[in-house]
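Quick notes on the structure that follows.
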Amino acid sequence: ALPIYKSHILHAYPGTTPTIDGTLDPAEWADAFAFTSTDWVPQFSPVSNRTDLFMHGFVKKDATWLYFGFNVTDDIVYAYDVPAWLPSVNPYANELTPRGFPWFGDEMELLFYGGRGDPYSDAIVAGNASQWQMVVNTH
């Protein structure tokens with residue numbers, strides 16, 4: 001089993017409401033908490049340089065919503081620059097279902113845990129009011 005790394009804490013400070021249009025305007029995100037992939041312990045492999053795989057992220061909130069913005073640089077994108085393939089251990093890996101591997105390929109994943117108990121256990125994210133998972137993937 002892969003080691004589970006305890007994550008850093010992200011802070012969501014009040015800020016201006018960004019325009020959600022697929023563009024990260026630096027002025028709109030200047031009041032956000034910023035973080036990069038070098039601030040985190042990678043799960044599978046280290047990020048060796050900013051052209052291979054690098055993420056610059058932002059988080060902030062307004063009176064109603066929590067906002068995340070990501071700018072990801074990757075020189076090879078799964079299923080676009082290289083053919084999509086499936087690992088032999090799971091022919092359903094590309095499905096965004098409980099039997100798939102939502103983290104397979106290139107993706108951004110957010111997991112929220114607001115419940116009690118150990119958030120780093122091997123339990124499946126319940127998808128309720130206290131814990132949920134959001135995956136944005138290239139496949």
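Chain lettering (A, B, ...) mirrors the order of the structure tokens, residue numbering begins at 1 for each chain separately, and ligand numbering begins at 1 in order of display.
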
Proximity check range 53-78 of chain A to range 24-32 of chain A, 10 Å, nearest pairs one decimal Å, only C-alpha atoms, as JSON lines:
{"residue": "A:Gly57", "atom": "CA", "partner": "A:Ala32", "partner_atom": "CA", "distance": 9.3}
{"residue": "A:Phe58", "atom": "CA", "partner": "A:Ala32", "partner_atom": "CA", "distance": 5.7}
{"residue": "A:Val59", "atom": "CA", "partner": "A:Ala32", "partner_atom": "CA", "distance": 5.4}
{"residue": "A:Lys60", "atom": "CA", "partner": "A:Ala32", "partner_atom": "CA", "distance": 5.0}
{"residue": "A:Lys61", "atom": "CA", "partner": "A:Ala32", "partner_atom": "CA", "distance": 8.3}
{"residue": "A:Tyr67", "atom": "CA", "partner": "A:Ala32", "partner_atom": "CA", "distance": 9.1}
{"residue": "A:Phe68", "atom": "CA", "partner": "A:Ala32", "partner_atom": "CA", "distance": 9.0}
{"residue": "A:Gly69", "atom": "CA", "partner": "A:Leu24", "partner_atom": "CA", "distance": 6.9}
{"residue": "A:Phe70", "atom": "CA", "partner": "A:Leu24", "partner_atom": "CA", "distance": 7.8}
{"residue": "A:Asn71", "atom": "CA", "partner": "A:Leu24", "partner_atom": "CA", "distance": 7.6}

Export of the given selection (N, CA and C atoms) as an mmCIF file, in the first residue's frame:
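Saved as part-v8.cif:
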data_model
loop_
_atom_site.group_PDB
_atom_site.id
_atom_site.type_symbol
_atom_site.label_atom_id
_atom_site.label_comp_id
_atom_site.auth_asym_id
_atom_site.auth_seq_id
_atom_site.Cartn_x
_atom_site.Cartn_y
_atom_site.Cartn_z
ATOM 1 N N GLY A 57 -2.191 26.806 -7.285
ATOM 2 C CA GLY A 57 -3.591 26.822 -6.892
ATOM 3 C C GLY A 57 -3.937 28.017 -6.032
ATOM 4 N N PHE A 58 -5.223 28.299 -5.991
ATOM 5 C CA PHE A 58 -5.745 29.419 -5.213
ATOM 6 C C PHE A 58 -7.039 28.985 -4.540
ATOM 7 N N VAL A 59 -7.287 29.524 -3.351
ATOM 8 C CA VAL A 59 -8.556 29.274 -2.668
ATOM 9 C C VAL A 59 -8.975 30.553 -1.951
ATOM 10 N N LYS A 60 -10.273 30.853 -2.011
ATOM 11 C CA LYS A 60 -10.852 31.987 -1.295
ATOM 12 C C LYS A 60 -12.352 31.778 -1.201
ATOM 13 N N LYS A 61 -13.011 32.662 -0.481
ATOM 14 C CA LYS A 61 -14.464 32.544 -0.322
ATOM 15 C C LYS A 61 -15.090 33.926 -0.354
ATOM 16 N N TYR A 67 -14.247 29.114 -3.436
ATOM 17 C CA TYR A 67 -13.713 29.090 -4.794
ATOM 18 C C TYR A 67 -12.309 28.508 -4.828
ATOM 19 N N PHE A 68 -12.054 27.688 -5.837
ATOM 20 C CA PHE A 68 -10.722 27.174 -6.119
ATOM 21 C C PHE A 68 -10.367 27.540 -7.547
ATOM 22 N N GLY A 69 -9.113 27.892 -7.750
ATOM 23 C CA GLY A 69 -8.597 28.119 -9.090
ATOM 24 C C GLY A 69 -7.292 27.367 -9.230
ATOM 25 N N PHE A 70 -7.071 26.739 -10.380
ATOM 26 C CA PHE A 70 -5.855 25.960 -10.603
ATOM 27 C C PHE A 70 -5.265 26.295 -11.960
ATOM 28 N N ASN A 71 -3.962 26.422 -12.006
ATOM 29 C CA ASN A 71 -3.224 26.544 -13.251
ATOM 30 C C ASN A 71 -2.229 25.388 -13.250
#

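The two atoms in question, CA of Phe33 in chain A and CA of Pro14 in chain A, are spaced 9.7 Å apart.
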
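Note that the spacing between CA of Val77 in chain A and CA of Leu96 in chain A amounts to 17.7 Å.
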
Nearest residue to Leu111 in chain A from the set A:Thr64, A:Leu53, A:Val82, A:Gln131 (distances using only C-alpha atoms):
A:Gln131
